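Everything below belongs to query_9.pdb, which stores PDB, C-alpha atoms.
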ATOM      1  CA  MET X1180      -2.783 -33.141  21.173
ATOM      2  CA  THR X1181      -3.911 -33.018  17.542
ATOM      3  CA  VAL X1182      -1.573 -32.893  14.555
ATOM      4  CA  THR X1183      -2.678 -29.331  13.807
ATOM      5  CA  SER X1184      -1.967 -28.142  17.339
ATOM      6  CA  MET X1185       1.435 -29.884  17.288
ATOM      7  CA  ILE X1186       2.351 -28.096  14.045
ATOM      8  CA  GLY X1187       1.133 -24.786  15.449
ATOM      9  CA  SER X1188       3.050 -25.262  18.678
ATOM     10  CA  THR X1189       6.239 -26.191  16.807
ATOM     11  CA  CYS X1190       5.951 -23.185  14.486
ATOM     12  CA  ASN X1191       5.384 -20.862  17.453
ATOM     13  CA  LYS X1192       8.494 -22.225  19.171
ATOM     14  CA  VAL X1193      10.570 -21.732  16.014
ATOM     15  CA  ILE X1194       9.273 -18.158  15.556
ATOM     16  CA  ALA X1195       9.909 -17.404  19.246
ATOM     17  CA  ALA X1196      13.488 -18.682  18.907
ATOM     18  CA  ILE X1197      14.057 -16.512  15.816
ATOM     19  CA  VAL X1198      12.638 -13.488  17.647
ATOM     20  CA  ARG X1199      14.954 -14.072  20.617
ATOM     21  CA  LEU X1200      17.961 -14.422  18.304
ATOM     22  CA  LEU X1201      17.164 -11.252  16.334
ATOM     23  CA  THR X1202      16.505  -9.358  19.563
ATOM     24  CA  ALA X1203      19.859 -10.512  20.980
ATOM     25  CA  LEU X1204      21.575  -9.374  17.765
ATOM     26  CA  ARG X1205      19.901  -5.954  18.247
ATOM     27  CA  ILE X1206      18.644  -5.786  14.669
ATOM     28  CA  HIS X1207      16.203  -2.913  14.335
ATOM     29  CA  PRO X1208      12.644  -4.025  13.449
ATOM     30  CA  ASN X1209      12.516  -1.582  10.512
ATOM     31  CA  VAL X1210      15.595  -3.285   9.061
ATOM     32  CA  LEU X1211      13.788  -6.628   9.267
ATOM     33  CA  THR X1212      10.837  -5.065   7.435
ATOM     34  CA  LEU X1213      13.158  -3.860   4.668
ATOM     35  CA  ILE X1214      14.811  -7.279   4.410
ATOM     36  CA  GLY X1215      11.378  -8.792   3.873
ATOM     37  CA  LEU X1216      10.758  -6.299   1.057
ATOM     38  CA  VAL X1217      14.053  -7.158  -0.642
ATOM     39  CA  ILE X1218      13.258 -10.884  -0.450
ATOM     40  CA  ASN X1219       9.812 -10.279  -1.937
ATOM     41  CA  ILE X1220      11.370  -8.298  -4.800
ATOM     42  CA  PHE X1221      13.551 -11.334  -5.525
ATOM     43  CA  ALA X1222      10.414 -13.507  -5.436
ATOM     44  CA  ALA X1223       8.738 -11.096  -7.881
ATOM     45  CA  VAL X1224      11.633 -11.597 -10.314
ATOM     46  CA  LEU X1225      11.176 -15.367 -10.046
ATOM     47  CA  LEU X1226       7.446 -15.014 -10.682
ATOM     48  CA  ALA X1227       8.143 -12.860 -13.744
ATOM     49  CA  GLN X1228      10.340 -15.680 -15.048
ATOM     50  CA  GLY X1229       7.651 -18.295 -14.414
ATOM     51  CA  ARG X1230       9.745 -20.027 -11.740
ATOM     52  CA  PHE X1231       6.773 -20.436  -9.442
ATOM     53  CA  PHE X1232       8.048 -23.233  -7.187
ATOM     54  CA  ALA X1233      11.209 -21.338  -6.280
ATOM     55  CA  ALA X1234       9.191 -18.152  -5.848
ATOM     56  CA  GLY X1235       6.882 -19.940  -3.389
ATOM     57  CA  TRP X1236       9.778 -20.792  -1.098
ATOM     58  CA  VAL X1237      11.229 -17.296  -1.354
ATOM     59  CA  ILE X1238       7.834 -15.758  -0.460
ATOM     60  CA  THR X1239       7.739 -18.114   2.539
ATOM     61  CA  GLY X1240      11.126 -16.768   3.646
ATOM     62  CA  ALA X1241       9.908 -13.197   3.292
ATOM     63  CA  ALA X1242       6.788 -14.070   5.312
ATOM     64  CA  ILE X1243       8.988 -15.098   8.231
ATOM     65  CA  PHE X1244      10.482 -11.598   8.384
ATOM     66  CA  ASP X1245       6.967 -10.186   8.131
ATOM     67  CA  MET X1246       5.922 -12.280  11.132
ATOM     68  CA  VAL X1247       8.887 -11.428  13.344
ATOM     69  CA  ASP X1248       9.448  -7.692  12.818
ATOM     70  CA  GLY X1249       6.530  -6.661  15.029
ATOM     71  CA  ARG X1250       7.414  -9.242  17.664
ATOM     72  CA  VAL X1251      11.032  -8.112  17.735
ATOM     73  CA  ALA X1252       9.814  -4.524  18.164
ATOM     74  CA  ARG X1253       7.744  -5.567  21.191
ATOM     75  CA  GLU X1254      10.455  -7.816  22.624
ATOM     76  CA  SER X1255      13.102  -5.083  22.366
ATOM     77  CA  ASN X1256      10.775  -2.252  23.461
ATOM     78  CA  GLN X1257      11.110  -0.503  20.095
ATOM     79  CA  VAL X1258       7.419  -0.175  19.275
ATOM     80  CA  THR X1259       6.767   3.243  17.703
ATOM     81  CA  ARG X1260       3.941   4.870  15.774
ATOM     82  CA  PHE X1261       6.251   5.317  12.786
ATOM     83  CA  GLY X1262       7.240   1.641  12.921
ATOM     84  CA  GLY X1263       3.627   0.551  12.439
ATOM     85  CA  PHE X1264       3.187   3.052   9.605
ATOM     86  CA  PHE X1265       6.457   2.002   7.960
ATOM     87  CA  ASP X1266       5.569  -1.697   8.179
ATOM     88  CA  SER X1267       2.182  -1.056   6.568
ATOM     89  CA  VAL X1268       3.658   0.947   3.680
ATOM     90  CA  VAL X1269       6.385  -1.613   2.980
ATOM     91  CA  ASP X1270       3.806  -4.422   3.063
ATOM     92  CA  ARG X1271       1.900  -2.662   0.266
ATOM     93  CA  TYR X1272       5.081  -2.456  -1.835
ATOM     94  CA  SER X1273       5.760  -6.149  -1.180
ATOM     95  CA  ASP X1274       2.246  -7.192  -2.196
ATOM     96  CA  LEU X1275       2.217  -5.097  -5.352
ATOM     97  CA  GLY X1276       5.754  -6.167  -6.245
ATOM     98  CA  LEU X1277       4.764  -9.842  -6.255
ATOM     99  CA  LEU X1278       1.732  -9.135  -8.408
ATOM    100  CA  MET X1279       3.806  -7.009 -10.795
ATOM    101  CA  GLY X1280       5.987 -10.079 -11.284
ATOM    102  CA  LEU X1281       2.895 -12.016 -12.355
ATOM    103  CA  LEU X1282       1.828  -9.156 -14.639
ATOM    104  CA  VAL X1283       5.175  -9.347 -16.428
ATOM    105  CA  TYR X1284       4.936 -13.132 -16.705
ATOM    106  CA  TYR X1285       1.443 -13.160 -18.206
ATOM    107  CA  ALA X1286       2.259 -10.257 -20.525
ATOM    108  CA  ASN X1287       5.338 -12.127 -21.800
ATOM    109  CA  ILE X1288       3.360 -15.289 -22.564
ATOM    110  CA  ASN X1289       0.564 -13.240 -24.170
ATOM    111  CA  ARG X1290      -2.263 -14.072 -21.751
ATOM    112  CA  PRO X1291      -4.281 -10.832 -21.646
ATOM    113  CA  LEU X1292      -7.080 -12.360 -19.553
ATOM    114  CA  TYR X1293      -4.653 -13.141 -16.741
ATOM    115  CA  VAL X1294      -3.013  -9.730 -17.087
ATOM    116  CA  VAL X1295      -6.424  -8.170 -16.408
ATOM    117  CA  LEU X1296      -7.135 -10.691 -13.622
ATOM    118  CA  THR X1297      -3.834  -9.855 -11.929
ATOM    119  CA  ALA X1298      -4.635  -6.154 -12.214
ATOM    120  CA  ILE X1299      -7.995  -6.806 -10.512
ATOM    121  CA  VAL X1300      -6.182  -8.663  -7.724
ATOM    122  CA  MET X1301      -3.774  -5.728  -7.338
ATOM    123  CA  THR X1302      -6.724  -3.351  -7.047
ATOM    124  CA  ALA X1303      -8.455  -5.571  -4.482
ATOM    125  CA  SER X1304      -5.252  -5.872  -2.419
ATOM    126  CA  VAL X1305      -4.875  -2.093  -2.248
ATOM    127  CA  MET X1306      -8.560  -1.470  -1.583
ATOM    128  CA  ILE X1307      -8.719  -3.986   1.280
ATOM    129  CA  SER X1308      -6.072  -1.970   3.104
ATOM    130  CA  TYR X1309      -7.455   1.399   2.017
ATOM    131  CA  THR X1310     -11.018   0.726   3.146
ATOM    132  CA  ARG X1311      -9.827  -0.265   6.612
ATOM    133  CA  SER X1312      -7.487   2.711   6.904
ATOM    134  CA  ARG X1313     -10.107   5.170   5.680
ATOM    135  CA  ALA X1314     -12.883   3.639   7.773
ATOM    136  CA  GLU X1315     -10.809   3.839  10.949
ATOM    137  CA  ASN X1316     -10.632   7.605  10.509
ATOM    138  CA  THR X1317     -14.374   7.548  11.192
ATOM    139  CA  ILE X1318     -15.050   4.465  13.338
ATOM    140  CA  PRO X1319     -12.863   2.749  15.976
ATOM    141  CA  LYS X1320     -12.186  -0.514  14.108
ATOM    142  CA  CYS X1321     -12.865  -2.034  10.701
ATOM    143  CA  LYS X1322     -11.086  -5.367  10.825
ATOM    144  CA  VAL X1323     -13.802  -7.390   9.117
ATOM    145  CA  GLY X1324     -13.711  -9.571   6.039
ATOM    146  CA  PHE X1325     -11.952 -12.858   5.401
ATOM    147  CA  LEU X1326      -9.187 -12.012   2.958
ATOM    148  CA  GLU X1327      -6.610  -9.946   4.839
ATOM    149  CA  ARG X1328      -2.921  -9.870   3.974
ATOM    150  CA  PRO X1329      -1.839 -13.119   5.725
ATOM    151  CA  GLU X1330      -4.520 -15.076   3.865
ATOM    152  CA  ARG X1331      -3.489 -13.533   0.533
ATOM    153  CA  ILE X1332       0.174 -14.392   1.130
ATOM    154  CA  VAL X1333      -0.661 -17.980   2.101
ATOM    155  CA  LEU X1334      -2.744 -18.344  -1.063
ATOM    156  CA  LEU X1335       0.124 -17.019  -3.199
ATOM    157  CA  ILE X1336       2.533 -19.442  -1.546
ATOM    158  CA  ILE X1337       0.168 -22.386  -2.151
ATOM    159  CA  GLY X1338      -0.442 -21.300  -5.749
ATOM    160  CA  SER X1339       3.281 -20.985  -6.408
ATOM    161  CA  LEU X1340       4.366 -24.241  -4.781
ATOM    162  CA  PHE X1341       1.597 -26.293  -6.426
ATOM    163  CA  ASN X1342       1.583 -24.401  -9.745
ATOM    164  CA  ARG X1343      -1.986 -23.196  -9.278
ATOM    165  CA  ILE X1344      -1.461 -19.444  -9.669
ATOM    166  CA  PRO X1345      -4.480 -18.838 -11.990
ATOM    167  CA  ALA X1346      -6.867 -20.535  -9.533
ATOM    168  CA  VAL X1347      -5.405 -18.533  -6.653
ATOM    169  CA  LEU X1348      -5.791 -15.284  -8.582
ATOM    170  CA  TRP X1349      -9.482 -16.015  -9.182
ATOM    171  CA  VAL X1350      -9.985 -16.751  -5.484
ATOM    172  CA  ILE X1351      -8.240 -13.538  -4.391
ATOM    173  CA  ALA X1352     -10.064 -11.475  -7.027
ATOM    174  CA  VAL X1353     -13.479 -12.697  -5.855
ATOM    175  CA  LEU X1354     -12.924 -12.909  -2.087
ATOM    176  CA  GLY X1355     -10.799  -9.764  -2.063
ATOM    177  CA  ASN X1356     -13.530  -7.624  -3.553
ATOM    178  CA  ILE X1357     -16.123  -9.281  -1.308
ATOM    179  CA  THR X1358     -13.934  -8.243   1.636
ATOM    180  CA  VAL X1359     -13.896  -4.646   0.360
ATOM    181  CA  ILE X1360     -17.702  -4.653   0.011
ATOM    182  CA  HIS X1361     -18.037  -6.193   3.487
ATOM    183  CA  ARG X1362     -15.933  -3.389   4.963
ATOM    184  CA  MET X1363     -17.976  -0.760   3.165
ATOM    185  CA  ILE X1364     -21.228  -2.216   4.500
ATOM    186  CA  PHE X1365     -19.786  -2.550   8.011
ATOM    187  CA  THR X1366     -18.561   1.055   7.953
ATOM    188  CA  TYR X1367     -21.968   2.251   6.768
ATOM    189  CA  GLN X1368     -23.676   0.384   9.598
ATOM    190  CA  GLU X1369     -21.221   1.639  12.226
ATOM    191  CA  THR X1370     -21.326   5.270  11.090
ATOM    192  CA  LYS X1371     -25.131   5.162  11.041
ATOM    193  CA  ARG X1372     -25.168   3.664  14.541
ATOM    194  CA  LEU X1373     -22.799   6.358  15.830
ATOM    195  CA  GLU X1374     -24.776   9.135  14.146
ATOM    196  CA  ASP X1375     -28.058   7.816  15.551
ATOM    197  CA  ALA X1376     -26.524   7.615  19.029
ATOM    198  CA  GLN X1377     -25.289  11.190  18.669
ATOM    199  CA  LEU X1378     -28.742  12.403  17.615
ATOM    200  CA  ARG X1379     -30.336  10.647  20.603
ATOM    201  CA  SER X1380     -27.821  12.208  22.995
ATOM    202  CA  VAL X1381     -28.654  15.678  21.604
ATOM    203  CA  ALA X1382     -32.410  15.046  21.690
ATOM    204  CA  GLN X1383     -32.495  13.923  25.340
ATOM    205  CA  PRO X1384     -31.313  17.247  26.886
ATOM    206  CA  GLU X1385     -33.795  19.133  24.657
ATOM    207  CA  ARG X1386     -36.692  17.004  25.915
ATOM    208  CA  ALA X1387     -35.508  17.495  29.506
ATOM    209  CA  THR X1388     -35.411  21.287  29.015
ATOM    210  CA  ARG X1389     -38.937  21.372  27.566
ATOM    211  CA  ALA X1390     -40.221  19.259  30.433
TER
END

Whole structure given in structure tokens:
Amino acid sequence: MTVTSMIGSTCNKVIAAIVRLLTALRIHPNVLTLIGLVINIFAAVLLAQGRFFAAGWVITGAAIFDMVDGRVARESNQVTRFGGFFDSVVDRYSDLGLLMGLLVYYANINRPLYVVLTAIVMTASVMISYTRSRAENTIPKCKVGFLERPERIVLLIIGSLFNRIPAVLWVIAVLGNITVIHRMIFTYQETKRLEDAQLRSVAQPERATRA
């Protein structure tokens, strides 16, 4: 067994134990989602104060609640359509809250370039989710692109713990917008494929009738 697989196995066991405990305590999954939001708001305050290392650990704590709420819902048979919607909406507030903390920090230390960069990251974060949501009104699935929410959160944690927030913001700004473009291209290709298939299905009966 490799070191990576050992770490993964240990983390899965810890998460599974937390899920079992929360399920036994009968805590509603939506409450866990809200707790994660509250923790992220606290992390945003720390980011606004420039206390990045502490913020990194707090974001890690919030990420645990983000990982377990869905699992608790499945374990306790409380999976609902509203629960998925609620989790998605709260995740957006959590993401934007953290970035607002950075906006305040860079505004306070008079770094306009990083204020703009953070705003670009905020836009990319919203658009990554929006393009998938909007695309899936037209095509079955649009889960393409590298930089989804878990990757963005991990990058923020790494940037906070190792005091590399500016580098992380550049990475998210670039890869985030590439992910948006990727989803737009994928949706174009899928809609064109579906439309072409529909045209062929209409054309075939017409040719059969003429024959």

Specify as a list in words each residue included when the PyMOL selection byres ((chain X and resi 1218) around 10) is applied to this file.
-> Leu1213, Ile1214, Gly1215, Leu1216, Val1217, Asn1219, Ile1220, Phe1221, Ala1222, Ala1223, Ala1234, Val1237, Ile1238, Thr1239, Gly1240, Ala1241, Ala1242, Phe1244 and Ser1273 of chain X

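Across X:Pro1329, X:Pro1319, X:Gly1263, X:Gly1324, the tightest approach to Ile1243 of chain X is made by X:Pro1329 when counting all atoms listed in the file.
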
Close residues, Arg1250 of chain X itself excluded, 12 Å, only C-alpha atoms, min 2 positions apart in chain, as number ranges by chain | X: 1191, 1194-1202, 1207-1209, 1211-1212, 1243-1248, 1252-1258, 1262-1263

For the PyMOL selection byres ((chain X and resi 1230) around 12), applied here, can you spell out every residue it catches as a tab-separated table (two decimals) with C-alpha atoms, in the frame of the given file?
chain	number	residue	atom	x	y	z
X	1221	PHE	CA	13.55	-11.33	-5.52
X	1222	ALA	CA	10.41	-13.51	-5.44
X	1223	ALA	CA	8.74	-11.10	-7.88
X	1224	VAL	CA	11.63	-11.60	-10.31
X	1225	LEU	CA	11.18	-15.37	-10.05
X	1226	LEU	CA	7.45	-15.01	-10.68
X	1227	ALA	CA	8.14	-12.86	-13.74
X	1228	GLN	CA	10.34	-15.68	-15.05
X	1229	GLY	CA	7.65	-18.30	-14.41
X	1231	PHE	CA	6.77	-20.44	-9.44
X	1232	PHE	CA	8.05	-23.23	-7.19
X	1233	ALA	CA	11.21	-21.34	-6.28
X	1234	ALA	CA	9.19	-18.15	-5.85
X	1235	GLY	CA	6.88	-19.94	-3.39
X	1236	TRP	CA	9.78	-20.79	-1.10
X	1237	VAL	CA	11.23	-17.30	-1.35
X	1280	GLY	CA	5.99	-10.08	-11.28
X	1281	LEU	CA	2.90	-12.02	-12.36
X	1284	TYR	CA	4.94	-13.13	-16.70
X	1338	GLY	CA	-0.44	-21.30	-5.75
X	1339	SER	CA	3.28	-20.98	-6.41
X	1340	LEU	CA	4.37	-24.24	-4.78
X	1341	PHE	CA	1.60	-26.29	-6.43
X	1342	ASN	CA	1.58	-24.40	-9.74
X	1344	ILE	CA	-1.46	-19.44	-9.67

Kindly resolve the PyMOL selection byres ((chain X and resi 1323) around 8) on the present coordinates and return the residues as a compact mmCIF listing (two decimals) with C-alpha atoms, keeping the file's coordinate frame.
# COMPACT_ATOMS: atom_id res chain seq x y z
CA CYS X 1321 -12.86 -2.03 10.70
CA LYS X 1322 -11.09 -5.37 10.82
CA GLY X 1324 -13.71 -9.57 6.04
CA PHE X 1325 -11.95 -12.86 5.40
CA THR X 1358 -13.93 -8.24 1.64
CA HIS X 1361 -18.04 -6.19 3.49
CA ARG X 1362 -15.93 -3.39 4.96
CA PHE X 1365 -19.79 -2.55 8.01

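A straight line drawn from atom CA of Ile1206 of chain X to atom CA of Val1305 of chain X is 29.2 Å long.
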
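Compared by their closest atoms to Met1306 of chain X, and using all atoms listed in the file, the residues X:Leu1326, X:Leu1204, X:Val1251, X:Leu1334 rank with X:Leu1326 nearest.
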
What's the 9 Å shell around Val1347 of chain X, counting only C-alpha atoms, without same-chain residues fewer than 4 positions away, as a list in words?
-> Arg1331, Leu1334, Leu1335, Ile1337, Gly1338, Arg1343, Ile1351 and Ala1352 of chain X

Output as an mmCIF file, in the frame of the given file: segment 1273-1309 of chain X, completed with N, CA and C atoms.
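Dumped to selection.cif:
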data_model
loop_
_atom_site.group_PDB
_atom_site.id
_atom_site.type_symbol
_atom_site.label_atom_id
_atom_site.label_comp_id
_atom_site.auth_asym_id
_atom_site.auth_seq_id
_atom_site.Cartn_x
_atom_site.Cartn_y
_atom_site.Cartn_z
ATOM 1 N N SER X 1273 5.489 -4.718 -1.028
ATOM 2 C CA SER X 1273 5.760 -6.149 -1.180
ATOM 3 C C SER X 1273 4.635 -6.840 -1.943
ATOM 4 N N ASP X 1274 3.393 -6.568 -1.541
ATOM 5 C CA ASP X 1274 2.246 -7.192 -2.196
ATOM 6 C C ASP X 1274 2.190 -6.845 -3.679
ATOM 7 N N LEU X 1275 2.314 -5.548 -3.959
ATOM 8 C CA LEU X 1275 2.217 -5.097 -5.352
ATOM 9 C C LEU X 1275 3.410 -5.574 -6.168
ATOM 10 N N GLY X 1276 4.576 -5.669 -5.538
ATOM 11 C CA GLY X 1276 5.754 -6.167 -6.245
ATOM 12 C C GLY X 1276 5.560 -7.591 -6.732
ATOM 13 N N LEU X 1277 5.022 -8.454 -5.867
ATOM 14 C CA LEU X 1277 4.764 -9.842 -6.255
ATOM 15 C C LEU X 1277 3.784 -9.919 -7.420
ATOM 16 N N LEU X 1278 2.739 -9.119 -7.343
ATOM 17 C CA LEU X 1278 1.732 -9.135 -8.408
ATOM 18 C C LEU X 1278 2.263 -8.524 -9.697
ATOM 19 N N MET X 1279 3.164 -7.551 -9.587
ATOM 20 C CA MET X 1279 3.806 -7.009 -10.795
ATOM 21 C C MET X 1279 4.612 -8.091 -11.493
ATOM 22 N N GLY X 1280 5.252 -8.954 -10.694
ATOM 23 C CA GLY X 1280 5.987 -10.079 -11.284
ATOM 24 C C GLY X 1280 5.068 -10.953 -12.115
ATOM 25 N N LEU X 1281 3.869 -11.219 -11.598
ATOM 26 C CA LEU X 1281 2.895 -12.016 -12.355
ATOM 27 C C LEU X 1281 2.397 -11.272 -13.589
ATOM 28 N N LEU X 1282 2.224 -9.948 -13.469
ATOM 29 C CA LEU X 1282 1.828 -9.156 -14.639
ATOM 30 C C LEU X 1282 2.838 -9.308 -15.766
ATOM 31 N N VAL X 1283 4.115 -9.209 -15.423
ATOM 32 C CA VAL X 1283 5.175 -9.347 -16.428
ATOM 33 C C VAL X 1283 5.144 -10.735 -17.053
ATOM 34 N N TYR X 1284 4.961 -11.755 -16.203
ATOM 35 C CA TYR X 1284 4.936 -13.132 -16.705
ATOM 36 C C TYR X 1284 3.797 -13.340 -17.703
ATOM 37 N N TYR X 1285 2.591 -12.935 -17.325
ATOM 38 C CA TYR X 1285 1.443 -13.160 -18.206
ATOM 39 C C TYR X 1285 1.490 -12.279 -19.451
ATOM 40 N N ALA X 1286 2.087 -11.103 -19.339
ATOM 41 C CA ALA X 1286 2.259 -10.257 -20.525
ATOM 42 C C ALA X 1286 3.249 -10.906 -21.494
ATOM 43 N N ASN X 1287 4.312 -11.497 -20.954
ATOM 44 C CA ASN X 1287 5.338 -12.127 -21.800
ATOM 45 C C ASN X 1287 4.824 -13.357 -22.528
ATOM 46 N N ILE X 1288 3.886 -14.087 -21.897
ATOM 47 C CA ILE X 1288 3.360 -15.289 -22.564
ATOM 48 C C ILE X 1288 2.045 -14.996 -23.293
ATOM 49 N N ASN X 1289 1.720 -13.692 -23.393
ATOM 50 C CA ASN X 1289 0.564 -13.240 -24.170
ATOM 51 C C ASN X 1289 -0.753 -13.843 -23.653
ATOM 52 N N ARG X 1290 -1.004 -13.636 -22.358
ATOM 53 C CA ARG X 1290 -2.263 -14.072 -21.751
ATOM 54 C C ARG X 1290 -2.989 -12.841 -21.193
ATOM 55 N N PRO X 1291 -3.644 -12.085 -22.073
ATOM 56 C CA PRO X 1291 -4.281 -10.832 -21.646
ATOM 57 C C PRO X 1291 -5.340 -11.004 -20.558
ATOM 58 N N LEU X 1292 -6.064 -12.136 -20.574
ATOM 59 C CA LEU X 1292 -7.080 -12.360 -19.553
ATOM 60 C C LEU X 1292 -6.448 -12.365 -18.162
ATOM 61 N N TYR X 1293 -5.304 -13.044 -18.038
ATOM 62 C CA TYR X 1293 -4.653 -13.141 -16.741
ATOM 63 C C TYR X 1293 -3.921 -11.856 -16.368
ATOM 64 N N VAL X 1294 -3.552 -11.065 -17.377
ATOM 65 C CA VAL X 1294 -3.013 -9.730 -17.087
ATOM 66 C C VAL X 1294 -4.096 -8.893 -16.409
ATOM 67 N N VAL X 1295 -5.303 -8.917 -16.983
ATOM 68 C CA VAL X 1295 -6.424 -8.170 -16.408
ATOM 69 C C VAL X 1295 -6.790 -8.727 -15.030
ATOM 70 N N LEU X 1296 -6.813 -10.058 -14.901
ATOM 71 C CA LEU X 1296 -7.135 -10.691 -13.622
ATOM 72 C C LEU X 1296 -6.133 -10.280 -12.541
ATOM 73 N N THR X 1297 -4.863 -10.270 -12.890
ATOM 74 C CA THR X 1297 -3.834 -9.855 -11.929
ATOM 75 C C THR X 1297 -4.007 -8.394 -11.539
ATOM 76 N N ALA X 1298 -4.386 -7.561 -12.507
ATOM 77 C CA ALA X 1298 -4.635 -6.154 -12.214
ATOM 78 C C ALA X 1298 -5.819 -5.999 -11.252
ATOM 79 N N ILE X 1299 -6.844 -6.832 -11.418
ATOM 80 C CA ILE X 1299 -7.995 -6.806 -10.512
ATOM 81 C C ILE X 1299 -7.560 -7.209 -9.108
ATOM 82 N N VAL X 1300 -6.700 -8.221 -9.026
ATOM 83 C CA VAL X 1300 -6.182 -8.663 -7.724
ATOM 84 C C VAL X 1300 -5.359 -7.550 -7.071
ATOM 85 N N MET X 1301 -4.551 -6.855 -7.869
ATOM 86 C CA MET X 1301 -3.774 -5.728 -7.338
ATOM 87 C C MET X 1301 -4.702 -4.663 -6.760
ATOM 88 N N THR X 1302 -5.764 -4.360 -7.503
ATOM 89 C CA THR X 1302 -6.724 -3.351 -7.047
ATOM 90 C C THR X 1302 -7.395 -3.788 -5.747
ATOM 91 N N ALA X 1303 -7.809 -5.058 -5.692
ATOM 92 C CA ALA X 1303 -8.455 -5.571 -4.482
ATOM 93 C C ALA X 1303 -7.503 -5.519 -3.288
ATOM 94 N N SER X 1304 -6.229 -5.877 -3.510
ATOM 95 C CA SER X 1304 -5.252 -5.872 -2.419
ATOM 96 C C SER X 1304 -5.084 -4.478 -1.832
ATOM 97 N N VAL X 1305 -5.016 -3.476 -2.714
ATOM 98 C CA VAL X 1305 -4.875 -2.093 -2.248
ATOM 99 C C VAL X 1305 -6.144 -1.628 -1.548
ATOM 100 N N MET X 1306 -7.287 -1.954 -2.126
ATOM 101 C CA MET X 1306 -8.560 -1.470 -1.583
ATOM 102 C C MET X 1306 -8.911 -2.115 -0.246
ATOM 103 N N ILE X 1307 -8.491 -3.343 -0.024
ATOM 104 C CA ILE X 1307 -8.719 -3.986 1.280
ATOM 105 C C ILE X 1307 -8.044 -3.174 2.376
ATOM 106 N N SER X 1308 -6.797 -2.776 2.121
ATOM 107 C CA SER X 1308 -6.072 -1.970 3.104
ATOM 108 C C SER X 1308 -6.640 -0.561 3.192
ATOM 109 N N TYR X 1309 -6.977 0.017 2.029
ATOM 110 C CA TYR X 1309 -7.455 1.399 2.017
ATOM 111 C C TYR X 1309 -8.781 1.540 2.748
#
